[in-house]
Protein chains: 8
Amino acid sequence: MNDIQARLDLQRRERLGMVEAIWGEHKTTHQIVEIVSRLKDVREFALVTRVDYEKAMELKKYLHDAVFHDQANCVTVGEPVELNPKLGEVVVLSGGTSDLPVAAEAQLALRCHGVKVDLLMDVGVAGLHRLLNNLETIKKAKVVIACAGMEGALPTVLAGLVSKPVIGVPVSVGYGVSAGGKSSLAGMLASCAPGLLVVNIDNGYGAAMAALRILKS
Amino acid sequence: MNDIQARLDLQRRERLGMVEAIWGEHKTTHQIVEIVSRLKDVREFALVTRVDYEKAMELKKYLHDAVFHDQANCVTVGEPVELNPKLGEVVVLSGGTSDLPVAAEAQLALRCHGVKVDLLMDVGVAGLHRLLNNLETIKKAKVVIACAGMEGALPTVLAGLVSKPVIGVPVSVGYGVSAGGKSSLAGMLASCAPGLLVVNIDNGYGAAMAALRILKS
Amino acid sequence: MNDIQARLDLQRRERLGMVEAIWGEHKTTHQIVEIVSRLKDVREFALVTRVDYEKAMELKKYLHDAVFHDQANCVTVGEPVELNPKLGEVVVLSGGTSDLPVAAEAQLALRCHGVKVDLLMDVGVAGLHRLLNNLETIKKAKVVIACAGMEGALPTVLAGLVSKPVIGVPVSVGYGVSAGGKSSLAGMLASCAPGLLVVNIDNGYGAAMAALRILKS
Amino acid sequence: MNDIQARLDLQRRERLGMVEAIWGEHKTTHQIVEIVSRLKDVREFALVTRVDYEKAMELKKYLHDAVFHDQANCVTVGEPVELNPKLGEVVVLSGGTSDLPVAAEAQLALRCHGVKVDLLMDVGVAGLHRLLNNLETIKKAKVVIACAGMEGALPTVLAGLVSKPVIGVPVSVGYGVSAGGKSSLAGMLASCAPGLLVVNIDNGYGAAMAALRILKS
Amino acid sequence: MNDIQARLDLQRRERLGMVEAIWGEHKTTHQIVEIVSRLKDVREFALVTRVDYEKAMELKKYLHDAVFHDQANCVTVGEPVELNPKLGEVVVLSGGTSDLPVAAEAQLALRCHGVKVDLLMDVGVAGLHRLLNNLETIKKAKVVIACAGMEGALPTVLAGLVSKPVIGVPVSVGYGVSAGGKSSLAGMLASCAPGLLVVNIDNGYGAAMAALRILKS
Amino acid sequence: MNDIQARLDLQRRERLGMVEAIWGEHKTTHQIVEIVSRLKDVREFALVTRVDYEKAMELKKYLHDAVFHDQANCVTVGEPVELNPKLGEVVVLSGGTSDLPVAAEAQLALRCHGVKVDLLMDVGVAGLHRLLNNLETIKKAKVVIACAGMEGALPTVLAGLVSKPVIGVPVSVGYGVSAGGKSSLAGMLASCAPGLLVVNIDNGYGAAMAALRILKS
Amino acid sequence: MNDIQARLDLQRRERLGMVEAIWGEHKTTHQIVEIVSRLKDVREFALVTRVDYEKAMELKKYLHDAVFHDQANCVTVGEPVELNPKLGEVVVLSGGTSDLPVAAEAQLALRCHGVKVDLLMDVGVAGLHRLLNNLETIKKAKVVIACAGMEGALPTVLAGLVSKPVIGVPVSVGYGVSAGGKSSLAGMLASCAPGLLVVNIDNGYGAAMAALRILKS
Amino acid sequence: MNDIQARLDLQRRERLGMVEAIWGEHKTTHQIVEIVSRLKDVREFALVTRVDYEKAMELKKYLHDAVFHDQANCVTVGEPVELNPKLGEVVVLSGGTSDLPVAAEAQLALRCHGVKVDLLMDVGVAGLHRLLNNLETIKKAKVVIACAGMEGALPTVLAGLVSKPVIGVPVSVGYGVSAGGKSSLAGMLASCAPGLLVVNIDNGYGAAMAALRILKS
């Protein structure tokens, strides 16, 4: 079985306008290095998500130009495209400090595609004034990504206040019934606010790619 | 098995300060009539919850002084105690019109114990201004009961705005992930607002008895 | 409790650009008539969702200008806005014939806001050629809404083929593990395709409002 | 992203009468130190919950006046308010020795707000006499907090015996069906005792804040 | 497929000492009549469980000696064995009136095997005195069967008070988290009382057969 | 929306060697008639599954040559292919009489493709001798389909006794934890017997098509 | 909080005839030592369950007469009672080698109460002959305890073969749907065999105490 | 308890045509060595599954001829049978690189029985062309095994394209709703493609044994 080799989707950038992203969590360092090297061979930029500090340091041994983004738990290899102001701006919000890794992953993934992103932290609904004070900033964006754990009410409240597309990202912080992000996910799907969109728990990258699809549509 | 007879908890009013409430849903008309009759024999007031229109009409055939409360789906038999303003007031809120039966059950159960109740409907968080406009009324109450289905964010937002005890009542309206009230329950338990209290789904009566315990403590 | 009255969110059209939609499933005919009448008083168009044939006929007794849309299980009252081609077009797909009510609800809700909609039925992934044959039509739309029950793979396959925003709507058809639409929902959230967006099970209306937000952003 | 800073809710003490509590579980030592330092700048007391021994020792390196409460797994920084006997007393009970961390968190959080607390351990319902022997002590309190894992029957039995507000706290001890505290939570929500209030699993802090709301209402 | 015929386990009485019981819920009247007739041919007594009034009346048209037991929702055909005092006595308890059908099924199934049964209703733990007052009666039995819905705490409290085998039967009464009997089942399995035995939800027949095994062992 | 028409997969017989099967449960009579009529136009045989007696009688009004198979809850239209002994034989087993509809659906679906099927009822593992007595018959088949509800142990025991492919079909009979067939499904997937194959709950048709694939491979 | 002390149930041996068992999993070494020391003060035997090798070695530092039972993951302190042949014998079976810890816990707990136990390993139903070969040994016991993970069919098959009380103990070995023992638990509760009794997952101690109750009844 | 010894199923090869496989995950090194040694005594080949690198190295200390297969996480001891081309070929596919361990376990288990296996990696449905390009290779196999995590759509799409038996193996890679492989399992069971067969999550060995049964039938 020595000759098993990953089958890259090299037409993805052309077909979907997205760079190849490598989900690092269930892959060995060896597998990631192999995939990134082949992307480098064809001069493709690479974004590796869900990489912790130890794995990132391992990767850097083999990929000297790899950059570790510690808040986002991601590694990038290669030069991302330049900021493209014509695409419009995205605002990423987080309910609390604990939601930061997911919000940062979304922010990084969008920046890798040239999108300008504004990040607003700690605007959870238990202190509503923090959200209401930032409403003007939020309304300027073309797409809003709201990351929240626990009861996940932030995107619901937001979607009742602004008319832009709102993408809720449930975050796996919490305990008891909210452990793993299940209550937050359910709350966003069940939202009484019309037209709230949802992605999988902790899927900051997915929310970013959805926002990109919207910006480009 | 002809002589099986319900064993009433006639010391409950004395022990807990609550009237005997009969959960009507899983009991036959015959069983309810028998229990109420025995309460009447000892001159106790009776509150029968979860009774639909048909069952209520059946009951009235045997219990001529029974009163059906159609919004609350309850039947009462006997004269409730008078309003006791010293107990303090409770505000019951509902996120939407569909939550009315649960809110009305809470309201009725409190009135049966002499508590003044204010009912505010349709103050769900998708139209936040409806809630914020009523904040002064809400702050006057000693206890707040907030009924909500779907994502159940109403009590979370409330508990971030007022310092009074807030009891969240999940309501079994919704579909998909919110069917049966599960997402609403999870959202209230997982709330990021400090000190939010929760009861079982649709348990308007339980929220009322909890509020009564608080008013009397 | 006779004077309890629904609190309408009359600023919604102004704030969010959406007509007031009334979720008919858990409301009595009486409640719906009251809400619609008040919307008529202020000359607002009304869309009532999740209304079966019997309830619709009941409603028409009181609201003579009500129109029942039998495939979508909706009632509308009033004249919708005219088609606005500048908004761009939406394609709604369904995996099978059984998904039609949800697809039709999405289609109607968009039409009520002036959006042109193309509906493609029976393009499920078990007969892949039916989907691939329609790819050109699909690529012309600005937003794609894909309704599917059972394993819900349709939006995943789609999001791998087109670069437009794809909104997956899980449908509650199926049995065993797919009863109630849970497997379909999980499949869409877990999708390996980047940037797939999801709404609650059977939430055709929600998908439509999300598409509207995107078209207007 | 270097300048991302937590957005503190400094109006919380004024709005809700509660000190800012920092949930330590999903935050890095660095994040906690930053937040506490800013609270110290404005002379606010800080309570950090869910901190294990290692993290506490880390914190003490940066925050020399931090105090670690090992049974409660909490750190406090600053001088708490003095005991205020006028608020009334709270009794915290635990079913078994394994429930101690949750009970101790509730006790500490109340003491930080000046509330006198009595803690009764090992009064689970499998040895009923241990509970019945303490009934007089329990009845003297204004609020009762009952922590229990496994089947979680303790607050149900209590709420049938005393008329005071009873707050059940499910505890995540157990195995098999009770692993994670789910059976205990379900048992408390499903309780046949009228007016039992519930908070999330292991949420000793939340139960304390709810008790505080009640004492102040 | 006309000649498909049920394959009876006619050796069961010999092998396990139990009469053949026919689970009536998912069988057609036609299927039940056929099975009972064949039992009659070999002079076996038949117990049909989970039969509602309508089905029972249908059965009596074909089986003139069938007896309907309306509280237990069972039909018997044939003469049961006589009471056998040597086997020892079983006490069946129910938490509330709504648990009666399950308790009655257990009682009937035991009586069909000659076992004397005492039935104690409404001894739920929310009014503990009702249970404590009957402790002497309970202690006289060789086996205790305790039926309870909602939080299902009755068998836990019992198993802490008596040393006899206690079989808990969860009952599918309740709503919200206790709907379908799941919370009651979890509570019994998770019990902190040592040596509590459990059967499936509503399985009065199973509890009876387990008690019979114990009496005969 | 009047011109919406089902998109048939007319290449299915050619591509997969299977007749088009119409899942009747979530379709209206009108939709089924339309689909079958178009199949008749191209002289294709039609199998409609999950049709109850009432719907079948409705269908026969419009499709005079429709045949209702009452044990299998299916309707067929057209002449099935002749029995093809070369394909080899399939044995379908059921644990109890209540599993018959699922077993009969599997049997019918195979017969519609020319496969000889032997049906063995009531061979559940609680009376093991009934299964062991039929072992020789079972071993003669090329594929074994075992339908069972409740704990679903039948295919596990079978797969330990015979070397042929065994397909387990969980059946949605049962109550409490086995309601809906979930416990049976889990038991089959978790089986300690090597190489047991599973399909969705009640999916007799799916098991048949899998058997057909095996016979033809 | 320094003076918090466990409240022992010293009347348990008298009331229930069982020694005090200490559940070691969620307790610190310090807590266990304190509890055992107090039992030693009153000359009670102590059984500590769910203790791994490391914790056991820790305990032995403070409790020099502690004995570690490595297969059962238990520690005992003190001299157990002598074997009492009059109580009758229990047979404990395990489906596979991986179930041994649970079976050994049951065996040890019974021996601590003077009960003779026979342990039969690896008699799972995938190799039925291994079980059938031991049937005579099994039939000699007064109570049968059957431990099994995965699909948990062993007690079902047993309860169809022998007339003695059979107690099923689900074991948390398995993966996928059987991870944590849930499928095994469901299978035992859903069993088609009449009168099978069940305890919580991995609860070897509980099964033993239930068997003890039966032996003494 | 020193003399407890595993009861091997030495007749399995004869009865089912399969070598004895030892599930290594929940067994100690000591237990595995003992079992393998006894298999060696009777000259049986041994396959130990679910062994990580550390355990494998431990095993090699005692079993010098053991071979560790690192992609499959398996150890084999002894010489497997030779490739038997008459059995026909199996194709094993994986949706992504992360599914490799499960695919490799299936491949190894088949090779140990003399079956030729072709392994195709990274053919997930998000890049459909990768699958369609390999269709001819796939159609040559007698059985197809498709391993996929996340939404698990790969076997559904496959079963719509080829007429051969398709066995879906859900893989426990994923996060949020797909954590543990549950969404993938549900998707395969709920598949709209006719005749798709499923095994437990990560059960590569089980899929292989099922394929072997098919090849030999």
# chains A, B, ... in the order shown; residues from 1 in each chain; ligands from 1
$ select_by_dssp --residues "range 116-211 of chain F" --states "alpha helix (DSSP H)" --output "ChimeraX atom specification"
/F:128-132,135-140,154-161,182-189,204-211
$ write_last_selection --atoms "N, CA and C atoms" --output "tab-separated table (two decimals), in the first residue's frame"
chain	number	residue	atom	x	y	z
F	128	LEU	N	-35.47	-20.48	20.50
F	128	LEU	CA	-34.36	-20.74	19.58
F	128	LEU	C	-34.58	-21.98	18.71
F	129	HIS	N	-35.27	-22.97	19.29
F	129	HIS	CA	-35.49	-24.23	18.57
F	129	HIS	C	-36.21	-24.01	17.24
F	130	ARG	N	-37.08	-22.98	17.19
F	130	ARG	CA	-37.81	-22.72	15.95
F	130	ARG	C	-36.85	-22.32	14.83
F	131	LEU	N	-35.79	-21.61	15.19
F	131	LEU	CA	-34.79	-21.23	14.20
F	131	LEU	C	-33.89	-22.43	13.84
F	132	LEU	N	-33.41	-23.12	14.85
F	132	LEU	CA	-32.48	-24.23	14.62
F	132	LEU	C	-33.12	-25.32	13.78
F	135	LEU	N	-32.68	-24.68	9.94
F	135	LEU	CA	-31.34	-24.31	9.48
F	135	LEU	C	-31.01	-24.88	8.10
F	136	GLU	N	-31.45	-26.09	7.83
F	136	GLU	CA	-31.12	-26.69	6.54
F	136	GLU	C	-31.76	-25.92	5.39
F	137	THR	N	-33.03	-25.56	5.57
F	137	THR	CA	-33.71	-24.75	4.55
F	137	THR	C	-32.97	-23.44	4.31
F	138	ILE	N	-32.57	-22.81	5.40
F	138	ILE	CA	-31.90	-21.51	5.29
F	138	ILE	C	-30.58	-21.63	4.55
F	139	LYS	N	-29.85	-22.67	4.83
F	139	LYS	CA	-28.52	-22.83	4.23
F	139	LYS	C	-28.57	-23.06	2.72
F	140	LYS	N	-29.75	-23.42	2.22
F	140	LYS	CA	-29.86	-23.66	0.77
F	140	LYS	C	-29.95	-22.36	-0.03
F	154	LEU	N	-32.17	-11.59	15.84
F	154	LEU	CA	-32.27	-12.71	14.89
F	154	LEU	C	-31.14	-12.73	13.85
F	155	PRO	N	-30.87	-11.64	13.11
F	155	PRO	CA	-29.79	-11.72	12.12
F	155	PRO	C	-28.42	-11.96	12.74
F	156	THR	N	-28.20	-11.50	13.95
F	156	THR	CA	-26.92	-11.76	14.61
F	156	THR	C	-26.73	-13.25	14.85
F	157	VAL	N	-27.74	-13.90	15.38
F	157	VAL	CA	-27.65	-15.34	15.64
F	157	VAL	C	-27.48	-16.09	14.31
F	158	LEU	N	-28.25	-15.68	13.30
F	158	LEU	CA	-28.16	-16.30	11.98
F	158	LEU	C	-26.77	-16.19	11.37
F	159	ALA	N	-26.20	-14.97	11.44
F	159	ALA	CA	-24.91	-14.74	10.79
F	159	ALA	C	-23.80	-15.51	11.49
F	160	GLY	N	-24.06	-15.98	12.70
F	160	GLY	CA	-23.10	-16.84	13.38
F	160	GLY	C	-23.27	-18.30	12.99
F	161	LEU	N	-24.40	-18.61	12.36
F	161	LEU	CA	-24.70	-20.02	12.03
F	161	LEU	C	-24.49	-20.34	10.55
F	182	LYS	N	-35.56	1.69	16.47
F	182	LYS	CA	-34.19	2.17	16.72
F	182	LYS	C	-33.32	1.15	17.45
F	183	SER	N	-33.88	0.45	18.43
F	183	SER	CA	-33.06	-0.51	19.17
F	183	SER	C	-32.69	-1.68	18.28
F	184	SER	N	-33.61	-2.06	17.43
F	184	SER	CA	-33.35	-3.16	16.52
F	184	SER	C	-32.26	-2.78	15.52
F	185	LEU	N	-32.35	-1.58	14.99
F	185	LEU	CA	-31.33	-1.11	14.05
F	185	LEU	C	-29.96	-1.08	14.72
F	186	ALA	N	-29.89	-0.51	15.91
F	186	ALA	CA	-28.61	-0.41	16.61
F	186	ALA	C	-28.05	-1.80	16.87
F	187	GLY	N	-28.92	-2.72	17.27
F	187	GLY	CA	-28.45	-4.06	17.56
F	187	GLY	C	-27.85	-4.73	16.34
F	188	MET	N	-28.46	-4.51	15.18
F	188	MET	CA	-27.94	-5.17	13.97
F	188	MET	C	-26.61	-4.55	13.55
F	189	LEU	N	-26.50	-3.22	13.64
F	189	LEU	CA	-25.24	-2.57	13.27
F	189	LEU	C	-24.13	-2.94	14.24
F	204	GLY	N	-37.92	-3.22	3.58
F	204	GLY	CA	-37.98	-4.52	2.92
F	204	GLY	C	-37.60	-4.42	1.46
F	205	TYR	N	-38.07	-3.36	0.81
F	205	TYR	CA	-37.74	-3.16	-0.60
F	205	TYR	C	-36.23	-3.02	-0.80
F	206	GLY	N	-35.58	-2.24	0.05
F	206	GLY	CA	-34.14	-2.04	-0.07
F	206	GLY	C	-33.37	-3.33	0.13
F	207	ALA	N	-33.80	-4.13	1.10
F	207	ALA	CA	-33.14	-5.42	1.33
F	207	ALA	C	-33.28	-6.30	0.09
F	208	ALA	N	-34.45	-6.25	-0.53
F	208	ALA	CA	-34.68	-7.05	-1.73
F	208	ALA	C	-33.78	-6.61	-2.87
F	209	MET	N	-33.66	-5.30	-3.06
F	209	MET	CA	-32.81	-4.81	-4.15
F	209	MET	C	-31.33	-5.13	-3.89
F	210	ALA	N	-30.94	-5.10	-2.62
F	210	ALA	CA	-29.56	-5.47	-2.29
F	210	ALA	C	-29.34	-6.96	-2.61
F	211	ALA	N	-30.33	-7.78	-2.23
F	211	ALA	CA	-30.22	-9.21	-2.53
F	211	ALA	C	-30.13	-9.43	-4.04
$ interface_residues --of "chain C" --to "chain B" --cutoff "8 Å" --atoms "only C-alpha atoms" --output "count of residues only"
16
$ residues_around --residues "Thr76 in chain H" --least-positions-apart "3" --cutoff "8 Å" --atoms "only C-alpha atoms" --output "list in words"
Phe45, Ala46, Leu47, Val48, Ala66, Val67, Phe68 and His69 of chain H
$ write_last_selection --atoms "N, CA, C and O atoms" --output "PDB file, in the first residue's frame"
ATOM      1  N   PHE H  45      -4.148 -18.842  11.495  1.00  0.00           N
ATOM      2  CA  PHE H  45      -3.732 -17.482  11.200  1.00  0.00           C
ATOM      3  C   PHE H  45      -4.534 -16.535  12.107  1.00  0.00           C
ATOM      4  O   PHE H  45      -5.684 -16.802  12.428  1.00  0.00           O
ATOM      5  N   ALA H  46      -3.916 -15.424  12.538  1.00  0.00           N
ATOM      6  CA  ALA H  46      -4.643 -14.486  13.405  1.00  0.00           C
ATOM      7  C   ALA H  46      -4.582 -13.074  12.851  1.00  0.00           C
ATOM      8  O   ALA H  46      -3.532 -12.603  12.415  1.00  0.00           O
ATOM      9  N   LEU H  47      -5.728 -12.404  12.898  1.00  0.00           N
ATOM     10  CA  LEU H  47      -5.827 -10.997  12.493  1.00  0.00           C
ATOM     11  C   LEU H  47      -6.312 -10.219  13.714  1.00  0.00           C
ATOM     12  O   LEU H  47      -7.398 -10.484  14.230  1.00  0.00           O
ATOM     13  N   VAL H  48      -5.482  -9.286  14.181  1.00  0.00           N
ATOM     14  CA  VAL H  48      -5.864  -8.454  15.326  1.00  0.00           C
ATOM     15  C   VAL H  48      -6.154  -7.055  14.810  1.00  0.00           C
ATOM     16  O   VAL H  48      -5.278  -6.408  14.237  1.00  0.00           O
ATOM     17  N   ALA H  66       4.812 -11.376  14.534  1.00  0.00           N
ATOM     18  CA  ALA H  66       3.683 -10.481  14.285  1.00  0.00           C
ATOM     19  C   ALA H  66       4.086  -9.397  13.294  1.00  0.00           C
ATOM     20  O   ALA H  66       5.216  -8.904  13.316  1.00  0.00           O
ATOM     21  N   VAL H  67       3.163  -9.040  12.388  1.00  0.00           N
ATOM     22  CA  VAL H  67       3.406  -7.989  11.401  1.00  0.00           C
ATOM     23  C   VAL H  67       2.412  -6.857  11.658  1.00  0.00           C
ATOM     24  O   VAL H  67       1.208  -7.105  11.778  1.00  0.00           O
ATOM     25  N   PHE H  68       2.925  -5.625  11.777  1.00  0.00           N
ATOM     26  CA  PHE H  68       2.035  -4.487  12.005  1.00  0.00           C
ATOM     27  C   PHE H  68       1.732  -3.806  10.668  1.00  0.00           C
ATOM     28  O   PHE H  68       2.641  -3.452   9.918  1.00  0.00           O
ATOM     29  N   HIS H  69       0.457  -3.608  10.381  1.00  0.00           N
ATOM     30  CA  HIS H  69       0.013  -2.917   9.174  1.00  0.00           C
ATOM     31  C   HIS H  69      -0.413  -1.526   9.605  1.00  0.00           C
ATOM     32  O   HIS H  69      -1.527  -1.353  10.107  1.00  0.00           O
TER      33      HIS H  69
END
$ select_by_dssp --residues "range 8-207 of chain E" --states "strand (DSSP E or B)" --output "MDAnalysis selection string"
chainID E and resid 21:23 46:49 66:69 74:77 89:94 116:120 143:148 166:170 197:198
$ residues_around --residues "Val92 in chain E" --least-positions-apart "5" --cutoff "8 Å" --atoms "only C-alpha atoms" --output "number ranges by chain"
E: 103, 106-107, 117-120, 144-147
$ write_last_selection --atoms "all heavy atoms" --output "PDB file, in the first residue's frame"
ATOM      1  N   ALA E 103     -49.610  -0.795  35.747  1.00  0.00           N
ATOM      2  CA  ALA E 103     -49.673  -1.548  36.993  1.00  0.00           C
ATOM      3  C   ALA E 103     -50.711  -2.677  36.897  1.00  0.00           C
ATOM      4  O   ALA E 103     -50.481  -3.797  37.362  1.00  0.00           O
ATOM      5  CB  ALA E 103     -50.015  -0.607  38.152  1.00  0.00           C
ATOM      6  N   ALA E 106     -49.409  -5.651  34.904  1.00  0.00           N
ATOM      7  CA  ALA E 106     -48.522  -6.482  35.723  1.00  0.00           C
ATOM      8  C   ALA E 106     -49.336  -7.359  36.670  1.00  0.00           C
ATOM      9  O   ALA E 106     -49.081  -8.563  36.823  1.00  0.00           O
ATOM     10  CB  ALA E 106     -47.554  -5.605  36.511  1.00  0.00           C
ATOM     11  N   GLN E 107     -50.314  -6.739  37.313  1.00  0.00           N
ATOM     12  CA  GLN E 107     -51.154  -7.470  38.259  1.00  0.00           C
ATOM     13  C   GLN E 107     -51.874  -8.644  37.586  1.00  0.00           C
ATOM     14  O   GLN E 107     -51.861  -9.768  38.084  1.00  0.00           O
ATOM     15  CB  GLN E 107     -52.178  -6.490  38.843  1.00  0.00           C
ATOM     16  CG  GLN E 107     -53.069  -7.095  39.910  1.00  0.00           C
ATOM     17  CD  GLN E 107     -54.144  -6.112  40.342  1.00  0.00           C
ATOM     18  OE1 GLN E 107     -54.669  -5.348  39.529  1.00  0.00           O
ATOM     19  NE2 GLN E 107     -54.457  -6.139  41.633  1.00  0.00           N
ATOM     20  N   VAL E 117     -51.454 -10.711  44.266  1.00  0.00           N
ATOM     21  CA  VAL E 117     -50.870  -9.385  44.045  1.00  0.00           C
ATOM     22  C   VAL E 117     -51.633  -8.339  44.839  1.00  0.00           C
ATOM     23  O   VAL E 117     -52.866  -8.343  44.863  1.00  0.00           O
ATOM     24  CB  VAL E 117     -50.934  -9.003  42.548  1.00  0.00           C
ATOM     25  CG1 VAL E 117     -50.285  -7.642  42.312  1.00  0.00           C
ATOM     26  CG2 VAL E 117     -50.272 -10.063  41.688  1.00  0.00           C
ATOM     27  N   ASP E 118     -50.898  -7.426  45.474  1.00  0.00           N
ATOM     28  CA  ASP E 118     -51.504  -6.291  46.155  1.00  0.00           C
ATOM     29  C   ASP E 118     -51.165  -5.034  45.365  1.00  0.00           C
ATOM     30  O   ASP E 118     -50.010  -4.839  44.992  1.00  0.00           O
ATOM     31  CB  ASP E 118     -50.908  -6.199  47.574  1.00  0.00           C
ATOM     32  CG  ASP E 118     -51.896  -5.589  48.555  1.00  0.00           C
ATOM     33  OD1 ASP E 118     -52.945  -5.075  48.106  1.00  0.00           O
ATOM     34  OD2 ASP E 118     -51.612  -5.641  49.748  1.00  0.00           O
ATOM     35  N   LEU E 119     -52.146  -4.199  45.064  1.00  0.00           N
ATOM     36  CA  LEU E 119     -51.907  -3.020  44.237  1.00  0.00           C
ATOM     37  C   LEU E 119     -52.085  -1.755  45.073  1.00  0.00           C
ATOM     38  O   LEU E 119     -53.150  -1.509  45.638  1.00  0.00           O
ATOM     39  CB  LEU E 119     -52.894  -3.027  43.054  1.00  0.00           C
ATOM     40  CG  LEU E 119     -52.778  -1.924  42.018  1.00  0.00           C
ATOM     41  CD1 LEU E 119     -51.423  -1.926  41.325  1.00  0.00           C
ATOM     42  CD2 LEU E 119     -53.874  -2.084  40.957  1.00  0.00           C
ATOM     43  N   LEU E 120     -51.029  -0.925  45.147  1.00  0.00           N
ATOM     44  CA  LEU E 120     -51.081   0.328  45.902  1.00  0.00           C
ATOM     45  C   LEU E 120     -50.911   1.507  44.947  1.00  0.00           C
ATOM     46  O   LEU E 120     -49.853   1.706  44.385  1.00  0.00           O
ATOM     47  CB  LEU E 120     -49.951   0.376  46.939  1.00  0.00           C
ATOM     48  CG  LEU E 120     -50.016  -0.596  48.106  1.00  0.00           C
ATOM     49  CD1 LEU E 120     -48.755  -0.482  48.952  1.00  0.00           C
ATOM     50  CD2 LEU E 120     -51.242  -0.322  48.957  1.00  0.00           C
ATOM     51  N   VAL E 144     -41.240  -6.510  44.809  1.00  0.00           N
ATOM     52  CA  VAL E 144     -41.945  -5.244  44.678  1.00  0.00           C
ATOM     53  C   VAL E 144     -41.809  -4.746  43.245  1.00  0.00           C
ATOM     54  O   VAL E 144     -40.711  -4.710  42.704  1.00  0.00           O
ATOM     55  CB  VAL E 144     -41.357  -4.186  45.638  1.00  0.00           C
ATOM     56  CG1 VAL E 144     -42.123  -2.867  45.524  1.00  0.00           C
ATOM     57  CG2 VAL E 144     -41.368  -4.690  47.067  1.00  0.00           C
ATOM     58  N   ILE E 145     -42.933  -4.402  42.623  1.00  0.00           N
ATOM     59  CA  ILE E 145     -42.927  -3.811  41.281  1.00  0.00           C
ATOM     60  C   ILE E 145     -43.413  -2.378  41.415  1.00  0.00           C
ATOM     61  O   ILE E 145     -44.505  -2.144  41.911  1.00  0.00           O
ATOM     62  CB  ILE E 145     -43.849  -4.602  40.330  1.00  0.00           C
ATOM     63  CG1 ILE E 145     -43.294  -6.016  40.088  1.00  0.00           C
ATOM     64  CG2 ILE E 145     -44.009  -3.878  39.000  1.00  0.00           C
ATOM     65  CD1 ILE E 145     -44.194  -6.915  39.247  1.00  0.00           C
ATOM     66  N   ALA E 146     -42.586  -1.406  40.986  1.00  0.00           N
ATOM     67  CA  ALA E 146     -42.949  -0.001  41.152  1.00  0.00           C
ATOM     68  C   ALA E 146     -43.048   0.676  39.792  1.00  0.00           C
ATOM     69  O   ALA E 146     -42.061   0.795  39.070  1.00  0.00           O
ATOM     70  CB  ALA E 146     -41.908   0.715  42.014  1.00  0.00           C
ATOM     71  N   CYS E 147     -44.252   1.132  39.453  1.00  0.00           N
ATOM     72  CA  CYS E 147     -44.513   1.758  38.151  1.00  0.00           C
ATOM     73  C   CYS E 147     -44.552   3.279  38.320  1.00  0.00           C
ATOM     74  O   CYS E 147     -45.297   3.774  39.175  1.00  0.00           O
ATOM     75  CB  CYS E 147     -45.868   1.306  37.603  1.00  0.00           C
ATOM     76  SG  CYS E 147     -46.062  -0.487  37.562  1.00  0.00           S
TER      77      CYS E 147
END
$ atom_distance --atom1 "CA of Leu10 in chain G" --atom2 "CA of Ile167 in chain E"
24.6 Å
$ residues_around --residues "Glu89 in chain A" --least-positions-apart "3" --cutoff "6 Å" --atoms "only C-alpha atoms" --output "JSON, numbers by chain"
{"A": [116, 117, 141, 142]}
